[in-house]
Amino acid sequence: MTTTRLSRRAFLKTGAAGGLLCLSFALQESGRFAQAAEAAPAIPSPNAFIRIERDGSVTIVSNKSEMGQGIYTSLAMLIAEELECDWSRVKVVSAPLGAIYGHTVFHIQLTGGSTSTISSYDQYRKIGAAARDMLIAAAAQRWGVPATQCRAENGRVFNNANAASLGFGELSEAAAKLPVPDTIALKPRHRWKLLGTRVHRLDGPEKLDGSAQFAMDVRLPGMLTALILRCPSYGGKPKHFNADAARAVPGVKAVFAVSNGVAVLADGFWPAKKARDLLQAEWEPGPNGGLDSTKLREQYRALAARPGQVYRRAGDAEAALKGAAKKLDAWYEVPYLSHSPMEPLNCVVWLKPDGIEIWSGTQSQTIDAGLAAGMTGLKPEQVTLHTMLLGGGFGRRAV
């Protein structure tokens, strides 16, 4: 089983030519999604959640980023359970940039807050159920029987009266011409076959054999690599730097200051890293230059001593504490935990005269696309974003 990424253009092209069922609709509770913070441009072509090929294979589009938490498999299981497809023939692709893939609560294309399953649980089940009903309706029309006489099971639609059956691939073209049903019946829990069971992750094989593609694996003709020597303190900036030794490294194209550090541009990772390690910089530390664990502990203790904001009041806690025969007073502290992912933060950018194309392991497609458009002066619809597999996230790839 492989997990692949598919561009929006390629997805629509194959969908138009392949004679398959592309199911795409915005559920009522999903709301309207913004492409960028300042505008909500219309997406001219629909983006599908499910693609059923003529050979019966099923491609499911994940609107959440896979960063090791297994969401590609979880979301696919939600659709596959209701669709009644053959799980062994399911694969997953990452969603292209599109408003329809917005988070059902945050209303932007985003993965975060441990909300992927809970936000898409009903949405993906309904999508699967709608596709199932459309396939059943297509089979019923072909046989000239009521849809209630048919059932879907393991990638086929069966006629309960005579045991005749048709594969999903045989029905996909006809089903694609039918309207999305107004009412959708979800399977009750006691009829679940897939949900609640242990399955192998769909992204597992390619991660085991090394074929999985992360943003760091992307290579483009003539591509240059940039690495940044960052200020040791957050919010600081370079005061001045010496780059003589760095510029002497073969393959280095340029060395220049950026807002929070010094960037080295080279024709590959290793010359860029070697040059960056040779940089000599003096920093303007900024407001956090003197910050350390001791000062943070003092700040937090001072904040903890202040009255907190009341979200709910029941009874009189202050009076109860004053009259308590015994009181316990204790401090609980935990150290900072590194949110450093296994794969360093990175992206590949191809800036063209008429647009920008980005390959990134991102948790926030809408925000990234909006920032890219703002930085380049392009329109949001001129931004193409490929969401790659993430080598860990922990919120670090959200902004």
# chains A, B, ... in the order shown; residues from 1 in each chain; ligands from 1

$ closest_atom_pairs --of "region 287-395 of chain A" --to "region 219-232 of chain A" --cutoff "9 Å" --atoms "only C-alpha atoms" --output "Markdown table"
| residue | atom | partner | partner_atom | distance |
| --- | --- | --- | --- | --- |
| A:Gly289 | CA | A:Pro232 | CA | 8.1 |
| A:Val348 | CA | A:Arg219 | CA | 8.4 |
| A:Trp350 | CA | A:Leu220 | CA | 8.5 |

$ select_by_dssp --residues "region 317-386 of chain A" --states "strand (DSSP E or B)" --output "short mmCIF file (atom, residue, chain, number, x, y, z; two decimals) with all heavy atoms, in the first residue's frame"
data_model
loop_
_atom_site.label_atom_id
_atom_site.label_comp_id
_atom_site.auth_asym_id
_atom_site.auth_seq_id
_atom_site.Cartn_x
_atom_site.Cartn_y
_atom_site.Cartn_z
N CYS A 347 11.29 23.94 3.67
CA CYS A 347 10.34 23.96 2.55
C CYS A 347 11.13 24.19 1.27
O CYS A 347 12.27 24.64 1.29
CB CYS A 347 9.27 25.03 2.74
SG CYS A 347 9.87 26.71 2.59
N VAL A 348 10.51 23.86 0.16
CA VAL A 348 11.07 24.11 -1.16
C VAL A 348 10.15 25.09 -1.86
O VAL A 348 8.93 24.89 -1.90
CB VAL A 348 11.21 22.82 -1.97
CG1 VAL A 348 11.70 23.12 -3.39
CG2 VAL A 348 12.17 21.86 -1.28
N VAL A 349 10.72 26.15 -2.40
CA VAL A 349 9.94 27.20 -3.05
C VAL A 349 10.43 27.41 -4.47
O VAL A 349 11.64 27.54 -4.70
CB VAL A 349 10.05 28.53 -2.27
CG1 VAL A 349 9.28 29.64 -2.99
CG2 VAL A 349 9.52 28.36 -0.85
N TRP A 350 9.50 27.42 -5.41
CA TRP A 350 9.82 27.72 -6.81
C TRP A 350 9.01 28.96 -7.20
O TRP A 350 7.81 28.89 -7.40
CB TRP A 350 9.46 26.53 -7.70
CG TRP A 350 9.91 26.68 -9.12
CD1 TRP A 350 10.63 27.69 -9.67
CD2 TRP A 350 9.65 25.77 -10.20
NE1 TRP A 350 10.86 27.48 -10.99
CE2 TRP A 350 10.28 26.31 -11.34
CE3 TRP A 350 8.98 24.56 -10.28
CZ2 TRP A 350 10.22 25.66 -12.59
CZ3 TRP A 350 8.92 23.91 -11.51
CH2 TRP A 350 9.53 24.46 -12.65
N LEU A 351 9.68 30.07 -7.25
CA LEU A 351 9.02 31.34 -7.60
C LEU A 351 9.10 31.53 -9.11
O LEU A 351 10.17 31.57 -9.70
CB LEU A 351 9.70 32.50 -6.88
CG LEU A 351 9.06 33.89 -7.09
CD1 LEU A 351 7.61 33.89 -6.63
CD2 LEU A 351 9.87 34.94 -6.34
N LYS A 352 7.93 31.64 -9.72
CA LYS A 352 7.82 31.79 -11.17
C LYS A 352 7.23 33.15 -11.50
O LYS A 352 6.66 33.82 -10.62
CB LYS A 352 6.93 30.67 -11.74
CG LYS A 352 7.30 29.27 -11.26
CD LYS A 352 6.26 28.26 -11.71
CE LYS A 352 6.50 26.90 -11.09
NZ LYS A 352 5.48 25.91 -11.49
N GLY A 355 3.43 32.78 -10.72
CA GLY A 355 2.95 32.07 -9.54
C GLY A 355 4.10 31.55 -8.70
O GLY A 355 5.27 31.74 -9.02
N ILE A 356 3.72 30.88 -7.64
CA ILE A 356 4.70 30.29 -6.74
C ILE A 356 4.25 28.89 -6.38
O ILE A 356 3.07 28.64 -6.14
CB ILE A 356 4.89 31.15 -5.48
CG1 ILE A 356 6.00 30.58 -4.58
CG2 ILE A 356 3.59 31.28 -4.69
CD1 ILE A 356 6.36 31.49 -3.43
N GLU A 357 5.19 27.96 -6.38
CA GLU A 357 4.90 26.57 -6.04
C GLU A 357 5.74 26.20 -4.82
O GLU A 357 6.94 26.46 -4.78
CB GLU A 357 5.23 25.65 -7.22
CG GLU A 357 4.65 24.26 -7.10
CD GLU A 357 4.66 23.51 -8.43
OE1 GLU A 357 5.12 24.07 -9.43
OE2 GLU A 357 4.19 22.35 -8.45
N ILE A 358 5.08 25.59 -3.83
CA ILE A 358 5.73 25.30 -2.56
C ILE A 358 5.54 23.84 -2.21
O ILE A 358 4.44 23.30 -2.34
CB ILE A 358 5.15 26.18 -1.43
CG1 ILE A 358 5.29 27.66 -1.77
CG2 ILE A 358 5.80 25.87 -0.09
CD1 ILE A 358 4.52 28.58 -0.83
N TRP A 359 6.61 23.20 -1.75
CA TRP A 359 6.56 21.85 -1.20
C TRP A 359 6.93 21.98 0.27
O TRP A 359 8.04 22.42 0.61
CB TRP A 359 7.54 20.94 -1.90
CG TRP A 359 7.20 20.61 -3.33
CD1 TRP A 359 6.61 19.48 -3.79
CD2 TRP A 359 7.46 21.42 -4.48
NE1 TRP A 359 6.48 19.53 -5.16
CE2 TRP A 359 6.99 20.72 -5.61
CE3 TRP A 359 8.04 22.69 -4.67
CZ2 TRP A 359 7.09 21.22 -6.90
CZ3 TRP A 359 8.13 23.20 -5.95
CH2 TRP A 359 7.66 22.46 -7.05
N SER A 360 6.02 21.60 1.15
CA SER A 360 6.28 21.83 2.57
C SER A 360 5.55 20.81 3.42
O SER A 360 4.42 20.42 3.10
CB SER A 360 5.83 23.24 2.97
OG SER A 360 6.01 23.46 4.35
N SER A 364 -0.43 24.16 8.37
CA SER A 364 -1.36 25.28 8.15
C SER A 364 -1.26 25.76 6.71
O SER A 364 -0.60 26.74 6.41
CB SER A 364 -1.06 26.43 9.11
OG SER A 364 0.31 26.78 9.04
N VAL A 383 -0.92 30.64 -5.86
CA VAL A 383 -0.08 29.85 -4.96
C VAL A 383 -0.48 28.38 -5.06
O VAL A 383 -1.65 28.03 -4.89
CB VAL A 383 -0.21 30.32 -3.50
CG1 VAL A 383 0.64 29.45 -2.59
CG2 VAL A 383 0.18 31.79 -3.37
N THR A 384 0.48 27.54 -5.36
CA THR A 384 0.29 26.09 -5.35
C THR A 384 1.09 25.51 -4.20
O THR A 384 2.29 25.76 -4.10
CB THR A 384 0.76 25.46 -6.67
OG1 THR A 384 0.01 26.03 -7.76
CG2 THR A 384 0.55 23.95 -6.65
N LEU A 385 0.42 24.77 -3.35
CA LEU A 385 1.07 24.22 -2.16
C LEU A 385 0.93 22.70 -2.14
O LEU A 385 -0.19 22.18 -2.17
CB LEU A 385 0.47 24.83 -0.89
CG LEU A 385 1.01 24.33 0.44
CD1 LEU A 385 2.49 24.64 0.57
CD2 LEU A 385 0.24 24.94 1.59
N HIS A 386 2.05 22.00 -2.10
CA HIS A 386 2.06 20.55 -1.98
C HIS A 386 2.36 20.20 -0.54
O HIS A 386 3.46 20.50 -0.04
CB HIS A 386 3.11 19.93 -2.89
CG HIS A 386 3.01 20.35 -4.33
ND1 HIS A 386 2.12 19.79 -5.22
CD2 HIS A 386 3.69 21.30 -5.03
CE1 HIS A 386 2.26 20.35 -6.41
NE2 HIS A 386 3.20 21.27 -6.32
#

$ closest_residue --among "A:Leu291, A:Val218, A:Ala281, A:Ala212" --to "Pro238 (chain A)" --atoms "only C-alpha atoms"
A:Ala281

$ closest_residue --among "A:Leu345, A:Leu265, A:Leu110, A:Ala129" --to "Arg396 (chain A)" --atoms "only C-alpha atoms"
A:Leu345

$ residues_around --residues "Lys126 (chain A)" --least-positions-apart "3" --cutoff "8 Å" --atoms "only C-alpha atoms" --output "list in words"
Ile79, Glu82, Asp122, Gln123, Ala129, Ala130, Ile184 and Leu186 of chain A

$ write_last_selection --atoms "C-alpha atoms" --output "PDB file, in the first residue's frame"
ATOM      1  CA  ILE A  79     -14.700   6.848   4.729  1.00  0.00           C
ATOM      2  CA  GLU A  82     -19.273   3.818   5.331  1.00  0.00           C
ATOM      3  CA  ASP A 122     -18.810  13.043  11.060  1.00  0.00           C
ATOM      4  CA  GLN A 123     -17.637  14.813   7.912  1.00  0.00           C
ATOM      5  CA  ALA A 129     -21.956   7.134   3.159  1.00  0.00           C
ATOM      6  CA  ALA A 130     -22.991   9.498   0.367  1.00  0.00           C
ATOM      7  CA  ILE A 184     -27.510  10.163   4.529  1.00  0.00           C
ATOM      8  CA  LEU A 186     -24.708   6.351   8.799  1.00  0.00           C
TER       9      LEU A 186
END

$ closest_residue --among "A:Cys85, A:Ala248, A:Leu279, A:Cys150" --to "Val262 (chain A)" --atoms "only C-alpha atoms"
A:Leu279

$ closest_residue --among "A:Pro96, A:Val61, A:Ser233, A:Glu153" --to "Ala369 (chain A)" --atoms "only C-alpha atoms"
A:Pro96

$ closest_residue --among "A:Glu343, A:Asp292, A:Asp133, A:Asp316" --to "Gly68 (chain A)" --atoms "only C-alpha atoms"
A:Glu343

$ closest_atom_pairs --of "region 272-319 of chain A" --to "region 333-341 of chain A" --cutoff "12 Å" --atoms "only C-alpha atoms" --output "tab-separated table"
residue	atom	partner	partner_atom	distance
A:Asp292	CA	A:Tyr336	CA	11.5
A:Ser293	CA	A:Pro335	CA	8.9
A:Thr294	CA	A:Pro335	CA	11.4
A:Leu296	CA	A:Tyr336	CA	10.7
A:Arg297	CA	A:Glu333	CA	8.9
A:Glu298	CA	A:Glu333	CA	11.9
A:Tyr300	CA	A:Glu333	CA	10.0
A:Arg301	CA	A:Glu333	CA	10.1
A:Ala304	CA	A:Glu333	CA	11.9

$ write_last_selection --atoms "all heavy atoms" --output "PDB file, in the first residue's frame"
ATOM      1  N   ASP A 292      16.329  33.523  31.272  1.00  0.00           N
ATOM      2  CA  ASP A 292      16.809  32.190  31.618  1.00  0.00           C
ATOM      3  C   ASP A 292      15.748  31.477  32.439  1.00  0.00           C
ATOM      4  O   ASP A 292      14.692  32.032  32.755  1.00  0.00           O
ATOM      5  CB  ASP A 292      18.149  32.243  32.356  1.00  0.00           C
ATOM      6  CG  ASP A 292      18.080  33.071  33.629  1.00  0.00           C
ATOM      7  OD1 ASP A 292      16.976  33.239  34.194  1.00  0.00           O
ATOM      8  OD2 ASP A 292      19.135  33.569  34.070  1.00  0.00           O
ATOM      9  N   SER A 293      16.023  30.222  32.803  1.00  0.00           N
ATOM     10  CA  SER A 293      15.034  29.415  33.514  1.00  0.00           C
ATOM     11  C   SER A 293      14.684  30.007  34.871  1.00  0.00           C
ATOM     12  O   SER A 293      13.528  29.949  35.308  1.00  0.00           O
ATOM     13  CB  SER A 293      15.556  27.982  33.687  1.00  0.00           C
ATOM     14  OG  SER A 293      15.719  27.365  32.434  1.00  0.00           O
ATOM     15  N   THR A 294      15.656  30.588  35.550  1.00  0.00           N
ATOM     16  CA  THR A 294      15.398  31.177  36.858  1.00  0.00           C
ATOM     17  C   THR A 294      14.412  32.336  36.752  1.00  0.00           C
ATOM     18  O   THR A 294      13.459  32.445  37.543  1.00  0.00           O
ATOM     19  CB  THR A 294      16.717  31.654  37.495  1.00  0.00           C
ATOM     20  OG1 THR A 294      17.598  30.543  37.637  1.00  0.00           O
ATOM     21  CG2 THR A 294      16.454  32.271  38.858  1.00  0.00           C
ATOM     22  N   LEU A 296      12.269  32.875  34.336  1.00  0.00           N
ATOM     23  CA  LEU A 296      10.964  32.363  33.933  1.00  0.00           C
ATOM     24  C   LEU A 296      10.215  31.775  35.123  1.00  0.00           C
ATOM     25  O   LEU A 296       9.006  31.980  35.275  1.00  0.00           O
ATOM     26  CB  LEU A 296      11.129  31.299  32.851  1.00  0.00           C
ATOM     27  CG  LEU A 296      11.471  31.799  31.447  1.00  0.00           C
ATOM     28  CD1 LEU A 296      11.768  30.631  30.529  1.00  0.00           C
ATOM     29  CD2 LEU A 296      10.334  32.637  30.883  1.00  0.00           C
ATOM     30  N   ARG A 297      10.923  31.043  35.981  1.00  0.00           N
ATOM     31  CA  ARG A 297      10.283  30.466  37.157  1.00  0.00           C
ATOM     32  C   ARG A 297       9.726  31.562  38.063  1.00  0.00           C
ATOM     33  O   ARG A 297       8.609  31.453  38.585  1.00  0.00           O
ATOM     34  CB  ARG A 297      11.283  29.601  37.922  1.00  0.00           C
ATOM     35  CG  ARG A 297      10.671  28.892  39.137  1.00  0.00           C
ATOM     36  CD  ARG A 297      11.694  28.028  39.861  1.00  0.00           C
ATOM     37  NE  ARG A 297      12.098  26.896  39.031  1.00  0.00           N
ATOM     38  CZ  ARG A 297      13.297  26.793  38.440  1.00  0.00           C
ATOM     39  NH1 ARG A 297      14.195  27.765  38.598  1.00  0.00           N
ATOM     40  NH2 ARG A 297      13.599  25.741  37.722  1.00  0.00           N
ATOM     41  N   GLU A 298      10.471  32.639  38.223  1.00  0.00           N
ATOM     42  CA  GLU A 298      10.006  33.756  39.040  1.00  0.00           C
ATOM     43  C   GLU A 298       8.757  34.394  38.434  1.00  0.00           C
ATOM     44  O   GLU A 298       7.805  34.732  39.144  1.00  0.00           O
ATOM     45  CB  GLU A 298      11.122  34.781  39.191  1.00  0.00           C
ATOM     46  CG  GLU A 298      12.317  34.293  40.003  1.00  0.00           C
ATOM     47  CD  GLU A 298      13.465  35.287  39.971  1.00  0.00           C
ATOM     48  OE1 GLU A 298      13.361  36.289  39.221  1.00  0.00           O
ATOM     49  OE2 GLU A 298      14.467  35.060  40.681  1.00  0.00           O
ATOM     50  N   TYR A 300       6.542  32.977  36.425  1.00  0.00           N
ATOM     51  CA  TYR A 300       5.407  32.073  36.521  1.00  0.00           C
ATOM     52  C   TYR A 300       4.854  32.005  37.948  1.00  0.00           C
ATOM     53  O   TYR A 300       3.639  31.927  38.150  1.00  0.00           O
ATOM     54  CB  TYR A 300       5.802  30.678  36.042  1.00  0.00           C
ATOM     55  CG  TYR A 300       6.077  30.600  34.561  1.00  0.00           C
ATOM     56  CD1 TYR A 300       6.913  29.622  34.028  1.00  0.00           C
ATOM     57  CD2 TYR A 300       5.489  31.500  33.677  1.00  0.00           C
ATOM     58  CE1 TYR A 300       7.164  29.548  32.676  1.00  0.00           C
ATOM     59  CE2 TYR A 300       5.733  31.441  32.322  1.00  0.00           C
ATOM     60  CZ  TYR A 300       6.572  30.469  31.812  1.00  0.00           C
ATOM     61  OH  TYR A 300       6.815  30.398  30.469  1.00  0.00           O
ATOM     62  N   ARG A 301       5.731  32.018  38.935  1.00  0.00           N
ATOM     63  CA  ARG A 301       5.253  32.004  40.324  1.00  0.00           C
ATOM     64  C   ARG A 301       4.478  33.280  40.632  1.00  0.00           C
ATOM     65  O   ARG A 301       3.467  33.245  41.341  1.00  0.00           O
ATOM     66  CB  ARG A 301       6.429  31.837  41.286  1.00  0.00           C
ATOM     67  CG  ARG A 301       6.939  30.407  41.357  1.00  0.00           C
ATOM     68  CD  ARG A 301       8.039  30.253  42.396  1.00  0.00           C
ATOM     69  NE  ARG A 301       8.430  28.859  42.552  1.00  0.00           N
ATOM     70  CZ  ARG A 301       8.222  28.136  43.641  1.00  0.00           C
ATOM     71  NH1 ARG A 301       7.610  28.661  44.683  1.00  0.00           N
ATOM     72  NH2 ARG A 301       8.624  26.880  43.706  1.00  0.00           N
ATOM     73  N   ALA A 304       1.132  32.951  38.996  1.00  0.00           N
ATOM     74  CA  ALA A 304       0.289  31.981  39.692  1.00  0.00           C
ATOM     75  C   ALA A 304      -0.309  32.565  40.971  1.00  0.00           C
ATOM     76  O   ALA A 304      -1.367  32.112  41.437  1.00  0.00           O
ATOM     77  CB  ALA A 304       1.092  30.729  40.017  1.00  0.00           C
TER      78      ALA A 304
END

$ atom_distance --atom1 "CA of Thr117 (chain A)" --atom2 "CA of Lys207 (chain A)"
22.1 Å

$ atom_distance --atom1 "CA of Ile108 (chain A)" --atom2 "CA of Thr366 (chain A)"
5.9 Å

$ residues_around --residues "Val90 (chain A)" --least-positions-apart "4" --cutoff "8 Å" --atoms "only C-alpha atoms" --output "list in words"
Met1, Ser57, Val58, Thr59, Ile60, Ala76 and Asp86 of chain A

$ select_by_dssp --residues "region 128-374 of chain A" --states "alpha helix (DSSP H)" --output "PyMOL selection string"
chain A and resi 128-143+168-176+204-209+244-247+269-278+293-304+317-322+365-374

$ atom_distance --atom1 "CA of Glu206 (chain A)" --atom2 "CA of Arg51 (chain A)"
21.2 Å

$ closest_residue --among "A:Asp368, A:Ile118, A:Tyr234, A:Arg151" --to "Thr104 (chain A)" --atoms "only C-alpha atoms"
A:Ile118

$ residues_around --residues "region 191-193 of chain A" --least-positions-apart "5" --cutoff "10 Å" --atoms "only C-alpha atoms" --output "ChimeraX atom specification"
/A:80-82,84
